[in-house]
>>> print(open('run-v8.pdb').read())   # PDB, C-alpha atoms, pLDDT in the B column
MODEL        1
ATOM      1  CA  MET A   1       0.000   0.000   0.000  1.00 61.00           C
ATOM      2  CA  ASN A   2       1.320   3.463  -0.894  1.00 81.00           C
ATOM      3  CA  LYS A   3       2.448   5.666   1.931  1.00 86.00           C
ATOM      4  CA  GLU A   4       3.713   9.227   2.244  1.00 88.00           C
ATOM      5  CA  ILE A   5       5.523  10.702   5.224  1.00 92.00           C
ATOM      6  CA  LEU A   6       5.150  14.418   5.883  1.00 92.00           C
ATOM      7  CA  GLU A   7       6.782  16.533   8.566  1.00 91.00           C
ATOM      8  CA  PHE A   8       5.259  19.548  10.304  1.00 89.00           C
ATOM      9  CA  ASN A   9       6.715  21.367  13.299  1.00 85.00           C
ATOM     10  CA  GLY A  10       9.178  18.544  13.891  1.00 90.00           C
ATOM     11  CA  LYS A  11       6.442  15.876  13.924  1.00 91.00           C
ATOM     12  CA  GLN A  12       6.195  13.154  11.303  1.00 93.00           C
ATOM     13  CA  ILE A  13       2.890  11.897  10.024  1.00 93.00           C
ATOM     14  CA  SER A  14       2.278   8.905   7.805  1.00 93.00           C
ATOM     15  CA  LEU A  15      -0.483   8.956   5.237  1.00 93.00           C
ATOM     16  CA  MET A  16      -1.600   5.615   3.861  1.00 89.00           C
ATOM     17  CA  LYS A  17      -3.405   5.191   0.588  1.00 88.00           C
ATOM     18  CA  GLN A  18      -7.037   4.265   1.186  1.00 88.00           C
ATOM     19  CA  PRO A  19      -9.744   3.004  -1.173  1.00 89.00           C
ATOM     20  CA  ALA A  20     -11.533   5.705  -3.162  1.00 90.00           C
ATOM     21  CA  SER A  21     -14.747   4.968  -1.261  1.00 93.00           C
ATOM     22  CA  PHE A  22     -12.991   5.783   2.043  1.00 91.00           C
ATOM     23  CA  ILE A  23     -12.021   9.226   0.733  1.00 90.00           C
ATOM     24  CA  ALA A  24     -15.481   9.831  -0.743  1.00 92.00           C
ATOM     25  CA  ASN A  25     -17.083   8.885   2.571  1.00 93.00           C
ATOM     26  CA  LEU A  26     -14.817  11.324   4.428  1.00 92.00           C
ATOM     27  CA  GLU A  27     -15.809  14.032   1.958  1.00 91.00           C
ATOM     28  CA  ARG A  28     -19.517  13.322   2.501  1.00 94.00           C
ATOM     29  CA  LYS A  29     -19.256  12.993   6.257  1.00 95.00           C
ATOM     30  CA  TYR A  30     -17.338  16.226   6.846  1.00 94.00           C
ATOM     31  CA  THR A  31     -18.834  18.518   4.192  1.00 93.00           C
ATOM     32  CA  ASP A  32     -22.072  20.342   4.945  1.00 90.00           C
ATOM     33  CA  ARG A  33     -24.835  21.182   2.459  1.00 90.00           C
ATOM     34  CA  SER A  34     -23.246  24.541   1.644  1.00 86.00           C
ATOM     35  CA  GLY A  35     -20.018  22.798   0.605  1.00 85.00           C
ATOM     36  CA  LYS A  36     -18.072  23.926   3.667  1.00 86.00           C
ATOM     37  CA  ILE A  37     -15.753  21.211   4.937  1.00 89.00           C
ATOM     38  CA  ASN A  38     -14.943  20.590   8.585  1.00 93.00           C
ATOM     39  CA  ILE A  39     -11.283  20.104   7.802  1.00 95.00           C
ATOM     40  CA  VAL A  40     -10.252  19.729  11.445  1.00 95.00           C
ATOM     41  CA  ALA A  41     -12.471  16.671  11.921  1.00 95.00           C
ATOM     42  CA  TYR A  42     -11.600  15.380   8.421  1.00 95.00           C
ATOM     43  CA  VAL A  43      -7.842  15.418   8.998  1.00 95.00           C
ATOM     44  CA  ASP A  44      -8.233  14.127  12.540  1.00 94.00           C
ATOM     45  CA  GLU A  45     -10.107  11.120  11.126  1.00 93.00           C
ATOM     46  CA  LEU A  46      -7.616  10.350   8.368  1.00 90.00           C
ATOM     47  CA  LEU A  47      -4.673  10.517  10.779  1.00 92.00           C
ATOM     48  CA  LYS A  48      -6.123   7.483  12.575  1.00 90.00           C
ATOM     49  CA  TYR A  49      -4.710   5.325   9.762  1.00 87.00           C
ATOM     50  CA  PRO A  50      -2.318   3.618  10.233  1.00 85.00           C
ATOM     51  CA  ALA A  51      -3.463   3.060  13.815  1.00 84.00           C
ATOM     52  CA  GLY A  52      -1.255   4.369  16.603  1.00 87.00           C
ATOM     53  CA  VAL A  53       1.367   5.904  14.306  1.00 91.00           C
ATOM     54  CA  ASN A  54       0.456   9.582  13.923  1.00 94.00           C
ATOM     55  CA  PRO A  55       0.546  12.251  16.614  1.00 93.00           C
ATOM     56  CA  ALA A  56      -2.654  14.078  17.539  1.00 91.00           C
ATOM     57  CA  LEU A  57      -3.446  17.246  15.608  1.00 92.00           C
ATOM     58  CA  ASP A  58      -2.856  19.425  18.656  1.00 89.00           C
ATOM     59  CA  GLU A  59       0.708  18.042  18.770  1.00 90.00           C
ATOM     60  CA  ILE A  60       1.300  18.979  15.112  1.00 92.00           C
ATOM     61  CA  ILE A  61      -0.223  22.458  15.171  1.00 93.00           C
ATOM     62  CA  THR A  62       1.151  25.141  17.438  1.00 91.00           C
ATOM     63  CA  LEU A  63      -0.562  28.344  18.498  1.00 93.00           C
ATOM     64  CA  PRO A  64       0.318  30.981  21.067  1.00 95.00           C
ATOM     65  CA  GLU A  65      -1.601  30.673  24.349  1.00 95.00           C
ATOM     66  CA  ILE A  66      -3.233  34.043  23.734  1.00 97.00           C
ATOM     67  CA  LEU A  67      -4.426  35.230  20.317  1.00 97.00           C
ATOM     68  CA  GLY A  68      -4.765  38.888  19.435  1.00 96.00           C
ATOM     69  CA  ASN A  69      -2.837  42.037  20.191  1.00 96.00           C
ATOM     70  CA  GLU A  70      -2.437  44.334  23.186  1.00 94.00           C
ATOM     71  CA  LYS A  71      -6.023  45.619  22.851  1.00 94.00           C
ATOM     72  CA  PHE A  72      -7.941  42.450  21.917  1.00 96.00           C
ATOM     73  CA  GLN A  73      -7.077  39.073  23.432  1.00 97.00           C
ATOM     74  CA  MET A  74      -8.588  35.616  23.484  1.00 97.00           C
ATOM     75  CA  SER A  75      -7.317  32.258  24.675  1.00 97.00           C
ATOM     76  CA  SER A  76      -6.407  29.778  21.958  1.00 96.00           C
ATOM     77  CA  ARG A  77      -7.277  26.910  24.303  1.00 96.00           C
ATOM     78  CA  THR A  78     -10.447  24.982  25.032  1.00 93.00           C
ATOM     79  CA  PRO A  79     -11.721  24.837  28.618  1.00 93.00           C
ATOM     80  CA  GLU A  80      -9.875  21.481  28.854  1.00 92.00           C
ATOM     81  CA  GLY A  81      -6.581  23.225  27.974  1.00 91.00           C
ATOM     82  CA  LYS A  82      -6.202  21.786  24.464  1.00 91.00           C
ATOM     83  CA  ILE A  83      -5.516  23.924  21.407  1.00 93.00           C
ATOM     84  CA  ASN A  84      -8.836  25.089  19.977  1.00 96.00           C
ATOM     85  CA  LEU A  85      -8.261  23.862  16.424  1.00 96.00           C
ATOM     86  CA  PHE A  86     -11.802  24.705  15.345  1.00 95.00           C
ATOM     87  CA  LEU A  87     -11.358  28.342  16.433  1.00 96.00           C
ATOM     88  CA  ALA A  88      -7.997  28.550  14.669  1.00 96.00           C
ATOM     89  CA  TRP A  89      -9.469  27.128  11.438  1.00 95.00           C
ATOM     90  CA  GLU A  90     -12.506  29.399  11.639  1.00 94.00           C
ATOM     91  CA  LEU A  91     -10.288  32.480  12.025  1.00 96.00           C
ATOM     92  CA  PHE A  92      -7.904  31.345   9.290  1.00 95.00           C
ATOM     93  CA  SER A  93     -10.673  30.603   6.808  1.00 92.00           C
ATOM     94  CA  ALA A  94     -12.283  34.019   7.465  1.00 93.00           C
ATOM     95  CA  LEU A  95      -9.310  35.384   5.521  1.00 92.00           C
ATOM     96  CA  PHE A  96     -11.006  34.170   2.330  1.00 90.00           C
ATOM     97  CA  THR A  97     -14.538  35.443   3.038  1.00 83.00           C
ATOM     98  CA  THR A  98     -14.655  37.418  -0.200  1.00 81.00           C
ATOM     99  CA  GLY A  99     -12.771  34.883  -2.295  1.00 78.00           C
ATOM    100  CA  ARG A 100      -9.519  36.780  -1.938  1.00 80.00           C
ATOM    101  CA  ALA A 101      -7.240  37.233   1.052  1.00 85.00           C
ATOM    102  CA  ASP A 102      -8.559  40.076   3.219  1.00 92.00           C
ATOM    103  CA  THR A 103      -7.390  40.403   6.824  1.00 95.00           C
ATOM    104  CA  TYR A 104     -10.285  42.717   7.712  1.00 96.00           C
ATOM    105  CA  PHE A 105     -12.692  39.767   7.899  1.00 96.00           C
ATOM    106  CA  VAL A 106     -10.383  37.873  10.256  1.00 96.00           C
ATOM    107  CA  GLY A 107     -10.273  40.874  12.584  1.00 97.00           C
ATOM    108  CA  GLU A 108     -14.031  41.323  12.326  1.00 96.00           C
ATOM    109  CA  MET A 109     -14.671  37.688  13.271  1.00 96.00           C
ATOM    110  CA  PHE A 110     -12.224  37.896  16.160  1.00 97.00           C
ATOM    111  CA  ILE A 111     -13.871  41.017  17.583  1.00 97.00           C
ATOM    112  CA  LYS A 112     -17.326  39.453  17.245  1.00 96.00           C
ATOM    113  CA  LYS A 113     -16.112  36.303  19.044  1.00 96.00           C
ATOM    114  CA  LEU A 114     -15.029  38.581  21.887  1.00 97.00           C
ATOM    115  CA  GLY A 115     -18.617  39.853  22.027  1.00 96.00           C
ATOM    116  CA  LYS A 116     -17.689  43.373  20.972  1.00 96.00           C
ATOM    117  CA  GLN A 117     -19.321  45.641  18.393  1.00 95.00           C
ATOM    118  CA  ILE A 118     -17.147  46.214  15.337  1.00 94.00           C
ATOM    119  CA  ASP A 119     -18.564  49.640  14.508  1.00 95.00           C
ATOM    120  CA  ILE A 120     -16.756  51.366  17.365  1.00 95.00           C
ATOM    121  CA  TYR A 121     -13.384  50.488  15.785  1.00 96.00           C
ATOM    122  CA  SER A 122     -11.878  51.800  12.564  1.00 96.00           C
ATOM    123  CA  PHE A 123     -11.553  49.654   9.454  1.00 96.00           C
ATOM    124  CA  VAL A 124      -7.758  49.946   9.607  1.00 96.00           C
ATOM    125  CA  GLU A 125      -7.693  48.905  13.271  1.00 96.00           C
ATOM    126  CA  ILE A 126      -9.746  45.780  12.510  1.00 96.00           C
ATOM    127  CA  GLU A 127      -7.674  45.019   9.418  1.00 96.00           C
ATOM    128  CA  GLU A 128      -4.406  45.271  11.380  1.00 96.00           C
ATOM    129  CA  LEU A 129      -5.817  43.014  14.109  1.00 97.00           C
ATOM    130  CA  GLY A 130      -6.751  40.486  11.419  1.00 96.00           C
ATOM    131  CA  GLY A 131      -3.190  40.555  10.085  1.00 96.00           C
ATOM    132  CA  GLU A 132      -1.854  39.768  13.558  1.00 97.00           C
ATOM    133  CA  ILE A 133      -4.332  36.939  14.022  1.00 97.00           C
ATOM    134  CA  ILE A 134      -3.392  35.378  10.681  1.00 97.00           C
ATOM    135  CA  LYS A 135       0.273  35.351  11.688  1.00 97.00           C
ATOM    136  CA  GLN A 136      -0.712  33.569  14.908  1.00 97.00           C
ATOM    137  CA  VAL A 137      -2.991  30.900  13.384  1.00 96.00           C
ATOM    138  CA  ALA A 138      -1.247  30.401  10.021  1.00 94.00           C
ATOM    139  CA  ASN A 139       0.062  27.059  11.270  1.00 93.00           C
ATOM    140  CA  ILE A 140      -3.446  25.638  10.853  1.00 94.00           C
ATOM    141  CA  ALA A 141      -2.993  25.785   7.068  1.00 93.00           C
ATOM    142  CA  VAL A 142      -1.087  22.487   7.265  1.00 94.00           C
ATOM    143  CA  LEU A 143      -4.505  20.808   7.445  1.00 94.00           C
ATOM    144  CA  THR A 144      -5.114  21.579   3.778  1.00 92.00           C
ATOM    145  CA  GLN A 145      -1.666  20.297   2.853  1.00 93.00           C
ATOM    146  CA  ILE A 146      -2.279  17.049   4.751  1.00 93.00           C
ATOM    147  CA  ARG A 147      -5.683  16.584   3.114  1.00 92.00           C
ATOM    148  CA  GLU A 148      -4.403  17.286  -0.390  1.00 92.00           C
ATOM    149  CA  SER A 149      -1.381  15.001   0.061  1.00 91.00           C
ATOM    150  CA  PHE A 150      -3.722  12.237   1.235  1.00 90.00           C
ATOM    151  CA  ARG A 151      -6.109  12.699  -1.683  1.00 87.00           C
ATOM    152  CA  LYS A 152      -3.246  12.556  -4.202  1.00 87.00           C
ATOM    153  CA  LEU A 153      -1.729   9.293  -3.002  1.00 85.00           C
ATOM    154  CA  ARG A 154      -1.517   6.809  -5.885  1.00 77.00           C
TER     155      ARG A 154
ENDMDL
END
>>> encode(input="run-v8.pdb", output="structure tokens")
Amino acid sequence: MNKEILEFNGKQISLMKQPASFIANLERKYTDRSGKINIVAYVDELLKYPAGVNPALDEIITLPEILGNEKFQMSSRTPEGKINLFLAWELFSALFTTGRADTYFVGEMFIKKLGKQIDIYSFVEIEELGGEIIKQVANIAVLTQIRESFRKLR
């Protein structure tokens, strides 16, 4: 069976070729009706094969404890203390809200998650915050690389 070994943040992961139906089932299971994929759950599932070989996603992806800047801050951890991969992916993917990279939308989402009103801040202030957030969560982009490498195994 074909296998590919990738390395991220000093951690090796092994991807094993799977039957086409396995991949199609992952696509169905983790894609909603709007076409949005839950890539965190998708990659977490595919890393289970081969069993016991790959590290957990929160060992592969690193994030600072606190996201934001001096004015706006949020923990990057779940209440259990694990890296909040879903939050990181949600913030990262907000970058492409308009179909092109725009840090404003990342900053807007971050401020809304803090429960604050965006209209009391300037566009530039929100855009700069978004740029900082992207730098902090950019590591999450490895999920797409893992998924695409897995899908392309021959």
>>> resolve_selection(input="run-v8.pdb", expression="the PyMOL selection byres ((chain A and resi 134) around 10)", output="compact mmCIF listing (two decimals) with C-alpha atoms, in the coordinates of the input")
# COMPACT_ATOMS: atom_id res chain seq x y z
CA LEU A 67 -4.43 35.23 20.32
CA GLY A 68 -4.76 38.89 19.43
CA ALA A 88 -8.00 28.55 14.67
CA LEU A 91 -10.29 32.48 12.02
CA PHE A 92 -7.90 31.34 9.29
CA SER A 93 -10.67 30.60 6.81
CA ALA A 94 -12.28 34.02 7.46
CA LEU A 95 -9.31 35.38 5.52
CA THR A 103 -7.39 40.40 6.82
CA VAL A 106 -10.38 37.87 10.26
CA GLY A 107 -10.27 40.87 12.58
CA GLU A 128 -4.41 45.27 11.38
CA LEU A 129 -5.82 43.01 14.11
CA GLY A 130 -6.75 40.49 11.42
CA GLY A 131 -3.19 40.56 10.09
CA GLU A 132 -1.85 39.77 13.56
CA ILE A 133 -4.33 36.94 14.02
CA LYS A 135 0.27 35.35 11.69
CA GLN A 136 -0.71 33.57 14.91
CA VAL A 137 -2.99 30.90 13.38
CA ALA A 138 -1.25 30.40 10.02
CA ASN A 139 0.06 27.06 11.27
CA ILE A 140 -3.45 25.64 10.85
>>> resolve_selection(input="run-v8.pdb", expression="the PyMOL selection byres ((chain A and resi 142) around 10)", output="list of chain:residue names")
A:Glu7, A:Phe8, A:Asn9, A:Val43, A:Ile60, A:Ile61, A:Ala138, A:Asn139, A:Ile140, A:Ala141, A:Leu143, A:Thr144, A:Gln145, A:Ile146, A:Arg147, A:Glu148
>>> write_last_selection(input="run-v8.pdb", atoms="C-alpha atoms", output="mmCIF file, keeping the file's coordinate frame")
data_model
loop_
_atom_site.group_PDB
_atom_site.id
_atom_site.type_symbol
_atom_site.label_atom_id
_atom_site.label_comp_id
_atom_site.auth_asym_id
_atom_site.auth_seq_id
_atom_site.Cartn_x
_atom_site.Cartn_y
_atom_site.Cartn_z
ATOM 1 C CA GLU A 7 6.782 16.533 8.566
ATOM 2 C CA PHE A 8 5.259 19.548 10.304
ATOM 3 C CA ASN A 9 6.715 21.367 13.299
ATOM 4 C CA VAL A 43 -7.842 15.418 8.998
ATOM 5 C CA ILE A 60 1.300 18.979 15.112
ATOM 6 C CA ILE A 61 -0.223 22.458 15.171
ATOM 7 C CA ALA A 138 -1.247 30.401 10.021
ATOM 8 C CA ASN A 139 0.062 27.059 11.270
ATOM 9 C CA ILE A 140 -3.446 25.638 10.853
ATOM 10 C CA ALA A 141 -2.993 25.785 7.068
ATOM 11 C CA LEU A 143 -4.505 20.808 7.445
ATOM 12 C CA THR A 144 -5.114 21.579 3.778
ATOM 13 C CA GLN A 145 -1.666 20.297 2.853
ATOM 14 C CA ILE A 146 -2.279 17.049 4.751
ATOM 15 C CA ARG A 147 -5.683 16.584 3.114
ATOM 16 C CA GLU A 148 -4.403 17.286 -0.390
#
>>> residues_around(input="run-v8.pdb", residues="range 77-81 of chain A", least_positions_apart="2", cutoff="12 Å", atoms="all atoms listed in the file", output="list in words")
Asp58, Thr62, Leu63, Pro64, Glu65, Ile66, Leu67, Met74, Ser75, Ile83, Asn84, Leu85, Phe86, Leu87 and Ala88 of chain A
>>> closest_residue(input="run-v8.pdb", among="A:Asn38, A:Pro50, A:Ile126, A:Arg151", to="Ser21 in chain A", atoms="all atoms listed in the file")
A:Arg151
>>> residues_around(input="run-v8.pdb", residues="Ala56 in chain A", least_positions_apart="6", cutoff="10 Å", atoms="only C-alpha atoms", output="ChimeraX atom specification")
/A:11,13,44,47-48
>>> atom_distance(input="run-v8.pdb", atom1="CA of Ile39 in chain A", atom2="CA of Glu127 in chain A")
25.2 Å
>>> closest_residue(input="run-v8.pdb", among="A:Pro55, A:Ala41, A:Ile120, A:Lys36", to="Gly10 in chain A", atoms="all atoms listed in the file")
A:Pro55
>>> decode(input="run-v8.pdb", residues="range 79-93 of chain A", atoms="all heavy atoms", output="tab-separated table (two decimals), in the first residue's frame")
chain	number	residue	atom	x	y	z
A	79	PRO	N	-11.66	24.90	27.15
A	79	PRO	CA	-11.72	24.84	28.62
A	79	PRO	C	-10.89	23.68	29.20
A	79	PRO	O	-10.43	23.75	30.33
A	79	PRO	CB	-13.21	24.64	28.90
A	79	PRO	CG	-13.89	25.27	27.73
A	79	PRO	CD	-12.99	24.98	26.55
A	80	GLU	N	-10.67	22.63	28.40
A	80	GLU	CA	-9.87	21.48	28.85
A	80	GLU	C	-8.38	21.73	28.70
A	80	GLU	O	-7.56	20.88	29.06
A	80	GLU	CB	-10.24	20.21	28.06
A	80	GLU	CG	-11.68	19.77	28.22
A	80	GLU	CD	-12.65	20.56	27.35
A	80	GLU	OE1	-12.27	21.03	26.26
A	80	GLU	OE2	-13.80	20.71	27.79
A	81	GLY	N	-7.99	22.88	28.13
A	81	GLY	CA	-6.58	23.22	27.97
A	81	GLY	C	-5.95	22.80	26.66
A	81	GLY	O	-4.76	22.99	26.45
A	82	LYS	N	-6.73	22.20	25.76
A	82	LYS	CA	-6.20	21.79	24.46
A	82	LYS	C	-6.27	22.95	23.48
A	82	LYS	O	-7.08	23.86	23.64
A	82	LYS	CB	-7.00	20.61	23.91
A	82	LYS	CG	-6.86	19.35	24.73
A	82	LYS	CD	-7.60	18.22	24.07
A	82	LYS	CE	-6.65	17.06	24.04
A	82	LYS	NZ	-6.78	16.18	22.95
A	83	ILE	N	-5.46	22.90	22.45
A	83	ILE	CA	-5.52	23.92	21.41
A	83	ILE	C	-6.89	23.87	20.74
A	83	ILE	O	-7.35	22.80	20.36
A	83	ILE	CB	-4.41	23.70	20.36
A	83	ILE	CG1	-3.03	23.91	20.98
A	83	ILE	CG2	-4.59	24.63	19.17
A	83	ILE	CD1	-1.89	23.54	20.06
A	84	ASN	N	-7.51	25.02	20.60
A	84	ASN	CA	-8.84	25.09	19.98
A	84	ASN	C	-8.65	25.15	18.46
A	84	ASN	O	-8.59	26.22	17.86
A	84	ASN	CB	-9.60	26.30	20.48
A	84	ASN	CG	-11.05	26.25	20.07
A	84	ASN	OD1	-11.41	25.61	19.10
A	84	ASN	ND2	-11.88	26.97	20.81
A	85	LEU	N	-8.52	23.97	17.86
A	85	LEU	CA	-8.26	23.86	16.42
A	85	LEU	C	-9.42	24.39	15.60
A	85	LEU	O	-9.22	24.97	14.53
A	85	LEU	CB	-7.97	22.41	16.05
A	85	LEU	CG	-6.73	21.82	16.72
A	85	LEU	CD1	-6.67	20.32	16.49
A	85	LEU	CD2	-5.48	22.49	16.22
A	86	PHE	N	-10.64	24.22	16.08
A	86	PHE	CA	-11.80	24.71	15.35
A	86	PHE	C	-11.80	26.23	15.29
A	86	PHE	O	-12.09	26.82	14.25
A	86	PHE	CB	-13.10	24.17	15.95
A	86	PHE	CG	-13.23	22.68	15.81
A	86	PHE	CD1	-12.94	21.84	16.87
A	86	PHE	CD2	-13.60	22.11	14.60
A	86	PHE	CE1	-13.04	20.46	16.74
A	86	PHE	CE2	-13.70	20.73	14.45
A	86	PHE	CZ	-13.42	19.91	15.51
A	87	LEU	N	-11.46	26.88	16.40
A	87	LEU	CA	-11.36	28.34	16.43
A	87	LEU	C	-10.27	28.81	15.48
A	87	LEU	O	-10.48	29.73	14.69
A	87	LEU	CB	-11.06	28.83	17.85
A	87	LEU	CG	-10.70	30.32	17.98
A	87	LEU	CD1	-11.89	31.19	17.60
A	87	LEU	CD2	-10.22	30.62	19.39
A	88	ALA	N	-9.11	28.17	15.54
A	88	ALA	CA	-8.00	28.55	14.67
A	88	ALA	C	-8.39	28.42	13.20
A	88	ALA	O	-8.11	29.31	12.39
A	88	ALA	CB	-6.77	27.70	14.97
A	89	TRP	N	-9.05	27.32	12.83
A	89	TRP	CA	-9.47	27.13	11.44
A	89	TRP	C	-10.51	28.16	11.04
A	89	TRP	O	-10.47	28.72	9.94
A	89	TRP	CB	-9.99	25.72	11.17
A	89	TRP	CG	-10.38	25.57	9.74
A	89	TRP	CD1	-11.63	25.57	9.21
A	89	TRP	CD2	-9.48	25.51	8.63
A	89	TRP	NE1	-11.57	25.49	7.85
A	89	TRP	CE2	-10.27	25.44	7.46
A	89	TRP	CE3	-8.09	25.49	8.51
A	89	TRP	CZ2	-9.70	25.36	6.19
A	89	TRP	CZ3	-7.54	25.40	7.24
A	89	TRP	CH2	-8.35	25.34	6.11
A	90	GLU	N	-11.46	28.43	11.93
A	90	GLU	CA	-12.51	29.40	11.64
A	90	GLU	C	-11.90	30.79	11.39
A	90	GLU	O	-12.28	31.47	10.44
A	90	GLU	CB	-13.48	29.45	12.81
A	90	GLU	CG	-14.74	30.20	12.54
A	90	GLU	CD	-15.73	30.11	13.69
A	90	GLU	OE1	-15.35	29.79	14.84
A	90	GLU	OE2	-16.91	30.36	13.43
A	91	LEU	N	-10.95	31.19	12.21
A	91	LEU	CA	-10.29	32.48	12.02
A	91	LEU	C	-9.47	32.49	10.74
A	91	LEU	O	-9.53	33.44	9.96
A	91	LEU	CB	-9.40	32.81	13.23
A	91	LEU	CG	-10.14	33.12	14.52
A	91	LEU	CD1	-9.19	33.11	15.71
A	91	LEU	CD2	-10.89	34.45	14.42
A	92	PHE	N	-8.72	31.42	10.50
A	92	PHE	CA	-7.90	31.35	9.29
A	92	PHE	C	-8.77	31.41	8.04
A	92	PHE	O	-8.48	32.14	7.10
A	92	PHE	CB	-7.06	30.07	9.30
A	92	PHE	CG	-6.21	29.92	8.08
A	92	PHE	CD1	-5.02	30.63	7.95
A	92	PHE	CD2	-6.58	29.08	7.04
A	92	PHE	CE1	-4.23	30.51	6.82
A	92	PHE	CE2	-5.79	28.95	5.91
A	92	PHE	CZ	-4.61	29.67	5.80
A	93	SER	N	-9.84	30.65	8.01
A	93	SER	CA	-10.67	30.60	6.81
A	93	SER	C	-11.46	31.90	6.60
A	93	SER	O	-11.88	32.18	5.47
A	93	SER	CB	-11.60	29.39	6.81
A	93	SER	OG	-12.44	29.39	7.93
